[in-house]
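Report on the following structure.
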Amino acid sequence: MKTIISSTLALALTGSVAFAQDALPQQDNDWFTAAQAQLEAKAAVQPNTNKAKNVIILIADGNGVGTNYATRLFDGQQNGNYGDEHVLHHETFPHLALAKTYNVNAQTPDSAGTGTAMHSGVKTKAGVIGVDETLNRGDCSQVEGATVANAAEIYTAMGKAVGVISTARLTHATPASAYAHSADRNFEDNSKLPEGCQVPDIATQMIEAVKAGRVDVALGGGRRHFIPTDVTDEEGKGGKRTDGKNLIEEAKAAGVQYVFDDASFEAAKLDGTPLVGLFESSHMKYEADRTGEPSLAEMTEAAIKALQNNEQGFFLTVEAGRVDHANHDGNLARVVRDGVAFAEAVAKADELTNDEDTLIIVTADHEHAIAFQGYAGRGSDILGLSMKINPAGIEALDEPNTAADNKPYTTVGYLNGSGSILTEDQDWTGTRPALTQEEATDLDYVQQALIPMSSETHSGEDVAIYAKGPFAHLLNGTVEQNFVFHVMHHAATAE
Amino acid sequence: MDRRQLLFSGLGLGLTTGFSLTSTAKAADGPLKLRELYNKDRSFSELAKSLAGHRIAVDGFMAPPLKAEISFFVLTKKPMAVCPFCETEAEWPEDILAIYTKRTVEVISFNRKIETSGILELGTLKDPDTGFVSRVRLVDAVYGLA
């Protein structure tokens, strides 16, 4: 019988032959027909071997498969469905791989090492930027010998325009890895450089790259690292530089457009004139708290429009930097809102470009110690309590699952972090606080965690790579994270 | 009964009987949230302005005190996480509430939810003792586990 069904199915799958009289009883089931339609669509996918005029990589920092899953459910539930069935824009892409994210010396990676992997093509140590593993973190004297070419240098040499966007500080690890070389990710301005260090700080390197034409658009946060301590910015906040240099003024004097809020951003010329936007003293605001500054999608749109002036195409790297920060806080409510803003930026990048000549890669640099527990029924608020499965229906019962302590629990928790139920004033013992749905779904709620840490940690598990456009089909299977760089480079240089 | 228990029980009493809802501003079903005192651009909310000079109850978390034997702590809306991958040095969040307590602070761990009640003061003030600059404060405050 099994053989008969299989052969019947095989016939059906070839397309034109309908299920025969012994057709499968489930053939009209919605799940079945949807999967058949998907099969047909997948079978039609052909490799795109065009040369990529444009390459866009969008990295949601700390957005591993688990975190992305939380964002998917949140976005879907915000749109009125159960969440599980929702599809984020990058999840529509035809090609997918998993990346192994470890750094050369770290099972659990950090963003400097992972950013360097994706922007330079080599894995390196944790905490270092644009240098290989021969450098010992913090040793400036080794930078020259350990320097690897970064994306800004490589794509500029191809004649392409280059854009760097982040909702974190532009001097932060991931964006910095696109244009800088530094023995330590923390050398964001000169005040952090060790005595005698001959390598410029990261902010200086960014402005030098803009002035030299290696970076054409840079939009993000981090104003304080570009101005001296005795200068206050547009929001009244002081700078961090102790060398008296005002890099913003230097850039303006060199003909660079400078914008600092949503109004000046909207007025910016997108005609190819170099553009630097520094919208916050430190990181840009979380999407949930955003006011007076552009969204990630708006920055992505502006950058693409500006970079498209270059006839030889462009390279653009976009980071949703604060998915990571909210995860570090154990505050899922902000994680997923920044995750949705990221997906909107992906959609905008896709909308403004053509698959025929633009490779788009969507990925993360690493995952977090986020965890998902059962057994929640469909439609349980992903930010809230795990609700009981309804055995007689689809939507979860309005009754929370309870643990052995007779208290409800959230579907999402963290293995460690400031949400730990163990507290110092109880000699590192503790019991789980009672929890209501209202508390759990509050914007400021910090998910319960086990191991007490001031900041929740990254994890070393794989992250997904979603891809479309020229040579996107090379991204499949499980790959080393630095392979991402090689696919981008191959697509951009293919003949 | 130690001081902490005294403070806790005192607060508990206050929240149930000592402070009536007419004299202690709380949301209909609990204390105010710290974010309700601010607008997104960090200006004071209309609610904050209307409550200035009144005793209010706010929930949050006690940031580790700046020094021992002090009648002051900082209330944060989330546990005061110090993230080495986010910042190169410890920084205060922008939306905090300075709490000047009636009694010397008995430390509660940074990750235990507390509720504090005090008289709301708005306006920048530099603490002559700690040098801490606050924009909004509760004074004459009592506190305890939420």
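Letters A, B, ... mark the chains of the structure tokens in the order given; residue numbers begin at 1 per chain; ligand numbers begin at 1, in order shown.
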Could the residues of chain A that have an atom at most 8 Å from chain B be listed as a tab-separated table, each with its closest atom pair and the distance in Å to one decimal, counting only C-alpha atoms and ordered by chain and ascending residue number?
residue	atom	partner	partner_atom	distance
A:Asp110	CA	B:Phe85	CA	7.8
A:Asn186	CA	B:Thr88	CA	6.1
A:Asp289	CA	B:Lys40	CA	5.9
A:Arg290	CA	B:Lys40	CA	7.0
A:Thr291	CA	B:Lys40	CA	6.3
A:Gly292	CA	B:Asp41	CA	7.7
A:His325	CA	B:Cys86	CA	6.4
A:His328	CA	B:Cys83	CA	6.8
A:Asp329	CA	B:Ala81	CA	6.3
A:Ser418	CA	B:Asn111	CA	5.9
A:Gly419	CA	B:Asn111	CA	6.3
A:Ser420	CA	B:Asn111	CA	7.1
A:Ile421	CA	B:Asn111	CA	8.0
A:Thr423	CA	B:Ser109	CA	6.0
A:Glu424	CA	B:Ser109	CA	5.8
A:Asp425	CA	B:Ser109	CA	5.6
A:Asp444	CA	B:Lys78	CA	6.3
A:Tyr445	CA	B:Lys78	CA	7.3
A:Val446	CA	B:Lys78	CA	6.9
A:Ser454	CA	B:Ala81	CA	4.7
A:Ser455	CA	B:Cys83	CA	5.1
A:Glu456	CA	B:Cys83	CA	7.9
Keeping C-alpha atoms, export the residues of the selection given above as a compact mmCIF listing (two decimals), in the first residue's frame.
# COMPACT_ATOMS: atom_id res chain seq x y z
CA ASP A 110 31.54 38.59 19.96
CA ASN A 186 36.63 49.58 22.54
CA ASP A 289 11.31 54.44 22.28
CA ARG A 290 12.18 56.10 18.98
CA THR A 291 11.42 59.76 18.45
CA GLY A 292 13.20 62.50 16.53
CA HIS A 325 21.29 45.16 23.38
CA HIS A 328 21.54 41.63 26.81
CA ASP A 329 18.93 43.33 28.98
CA SER A 418 19.68 40.39 35.11
CA GLY A 419 16.33 38.61 35.17
CA SER A 420 17.84 35.91 37.35
CA ILE A 421 15.60 34.68 40.12
CA THR A 423 19.60 37.36 44.15
CA GLU A 424 22.60 38.50 46.15
CA ASP A 425 20.54 39.66 49.12
CA ASP A 444 9.92 46.98 30.41
CA TYR A 445 9.50 43.38 31.54
CA VAL A 446 12.70 41.39 31.92
CA SER A 454 24.54 41.75 35.14
CA SER A 455 24.16 41.32 31.41
CA GLU A 456 22.70 38.38 29.54
The distance between atom CA of A:Asn354 and atom CA of A:Ile56 is 11.5 Å
Shell around stretch 191-207 of chain A at 8 Å using only C-alpha atoms, local window under 4 positions removed, as a PDB file with C-alpha atoms, in the first residue's frame:
ATOM      1  CA  CYS A 140      48.306  48.387  18.642  1.00  0.00           C
ATOM      2  CA  SER A 141      51.815  47.570  17.521  1.00  0.00           C
ATOM      3  CA  VAL A 143      47.806  46.065  13.769  1.00  0.00           C
ATOM      4  CA  LEU A 170      28.768  53.718  14.050  1.00  0.00           C
ATOM      5  CA  THR A 171      31.974  53.076  15.966  1.00  0.00           C
ATOM      6  CA  ALA A 176      33.337  49.366  12.492  1.00  0.00           C
ATOM      7  CA  TYR A 179      35.703  50.174   7.507  1.00  0.00           C
ATOM      8  CA  ALA A 180      38.244  50.058  10.379  1.00  0.00           C
ATOM      9  CA  HIS A 181      41.252  48.188  11.687  1.00  0.00           C
ATOM     10  CA  SER A 182      41.615  48.182  15.447  1.00  0.00           C
ATOM     11  CA  ASN A 186      36.629  49.581  22.543  1.00  0.00           C
ATOM     12  CA  PHE A 187      39.015  52.067  20.865  1.00  0.00           C
ATOM     13  CA  LYS A 211      36.925  61.937   3.408  1.00  0.00           C
ATOM     14  CA  VAL A 215      32.646  55.304   2.756  1.00  0.00           C
ATOM     15  CA  HIS A 225      33.107  59.738  19.834  1.00  0.00           C
ATOM     16  CA  PHE A 226      33.452  62.347  17.098  1.00  0.00           C
ATOM     17  CA  LYS A 240      34.450  61.874  24.615  1.00  0.00           C
ATOM     18  CA  ARG A 241      37.483  62.920  22.611  1.00  0.00           C
ATOM     19  CA  THR A 242      40.469  64.158  24.610  1.00  0.00           C
ATOM     20  CA  ASP A 243      42.541  65.245  21.616  1.00  0.00           C
ATOM     21  CA  LEU A 247      35.655  65.189  13.542  1.00  0.00           C
ATOM     22  CA  ALA A 251      33.976  66.221   7.790  1.00  0.00           C
TER      23      ALA A 251
END
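Comparing the minimum interatomic distances between A:Met299 and each of A:Ser166, A:Thr124, A:Ser281, A:Gln426, counting only C-alpha atoms, we find that A:Ser166 sits nearest.
Residues in contact with A:Thr167 at up to 9 Å, not including ones fewer than 6 positions away on its chain and judged by only C-alpha atoms, are Leu219, Gly220, Gly221, His283, Met284, Lys285, Tyr286, Ser295, Leu296, Val318, Glu319, Ala320, Gly321 and Arg322 of chain A.
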C-alpha atoms of the current selection, written as a PDB file, in the first residue's frame:
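Heads up, here's the output in out.pdb:
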ATOM      1  CA  LEU A 219      24.166  56.634   9.291  1.00  0.00           C
ATOM      2  CA  GLY A 220      23.822  55.652  12.933  1.00  0.00           C
ATOM      3  CA  GLY A 221      24.603  56.699  16.474  1.00  0.00           C
ATOM      4  CA  HIS A 283      23.345  54.234  20.372  1.00  0.00           C
ATOM      5  CA  MET A 284      20.196  55.235  18.533  1.00  0.00           C
ATOM      6  CA  LYS A 285      16.993  54.668  20.436  1.00  0.00           C
ATOM      7  CA  TYR A 286      15.241  51.356  20.603  1.00  0.00           C
ATOM      8  CA  SER A 295      13.936  54.294  11.478  1.00  0.00           C
ATOM      9  CA  LEU A 296      16.298  51.632  10.191  1.00  0.00           C
ATOM     10  CA  VAL A 318      23.061  47.538   7.544  1.00  0.00           C
ATOM     11  CA  GLU A 319      23.042  46.601  11.192  1.00  0.00           C
ATOM     12  CA  ALA A 320      20.077  46.383  13.531  1.00  0.00           C
ATOM     13  CA  GLY A 321      22.391  46.813  16.464  1.00  0.00           C
ATOM     14  CA  ARG A 322      19.947  46.969  19.283  1.00  0.00           C
TER      15      ARG A 322
END
Near stretch 46-50 of chain B, counting only C-alpha atoms, which residues have an atom at most 9 Å away, once you skip same-chain residues fewer than 5 positions from it, shown as a PyMOL selection string? chain B and resi 36-39+120+122
Taking 6 positions as the minimum chain separation for residues in the same chain, which residues sit within 8 Å of B:Leu75 when counting only C-alpha atoms? Answer as an MDAnalysis selection string. chainID B and resid 60:63 96:99
How about saving the chosen residues, N, CA and C atoms kept, as an mmCIF file, in the first residue's frame?
data_model
loop_
_atom_site.group_PDB
_atom_site.id
_atom_site.type_symbol
_atom_site.label_atom_id
_atom_site.label_comp_id
_atom_site.auth_asym_id
_atom_site.auth_seq_id
_atom_site.Cartn_x
_atom_site.Cartn_y
_atom_site.Cartn_z
ATOM 1 N N GLY B 60 10.055 49.645 40.258
ATOM 2 C CA GLY B 60 11.294 49.571 39.477
ATOM 3 C C GLY B 60 12.315 48.728 40.208
ATOM 4 N N PHE B 61 13.572 49.067 40.005
ATOM 5 C CA PHE B 61 14.660 48.294 40.586
ATOM 6 C C PHE B 61 15.696 49.232 41.204
ATOM 7 N N MET B 62 16.317 48.778 42.291
ATOM 8 C CA MET B 62 17.322 49.587 42.968
ATOM 9 C C MET B 62 18.683 49.340 42.325
ATOM 10 N N ALA B 63 19.234 50.375 41.695
ATOM 11 C CA ALA B 63 20.598 50.229 41.172
ATOM 12 C C ALA B 63 21.553 50.103 42.355
ATOM 13 N N ILE B 96 15.774 57.521 34.653
ATOM 14 C CA ILE B 96 15.950 57.012 36.004
ATOM 15 C C ILE B 96 15.253 57.958 36.972
ATOM 16 N N LEU B 97 15.121 57.504 38.194
ATOM 17 C CA LEU B 97 14.505 58.324 39.223
ATOM 18 C C LEU B 97 15.424 58.285 40.440
ATOM 19 N N ALA B 98 15.861 59.463 40.888
ATOM 20 C CA ALA B 98 16.701 59.524 42.089
ATOM 21 C C ALA B 98 15.794 59.425 43.317
ATOM 22 N N ILE B 99 16.170 58.563 44.237
ATOM 23 C CA ILE B 99 15.339 58.345 45.413
ATOM 24 C C ILE B 99 16.107 58.775 46.666
#
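You can rank B:Val58, B:Val105, B:Tyr100, B:Glu94 by their closest distance to B:Arg137 using only C-alpha atoms, and at the top of that list sits B:Tyr100.
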Among B:Ile119, B:Leu66, B:Leu145, B:Val74, B:Ala52 is approached most closely, using only C-alpha atoms, by B:Ile119
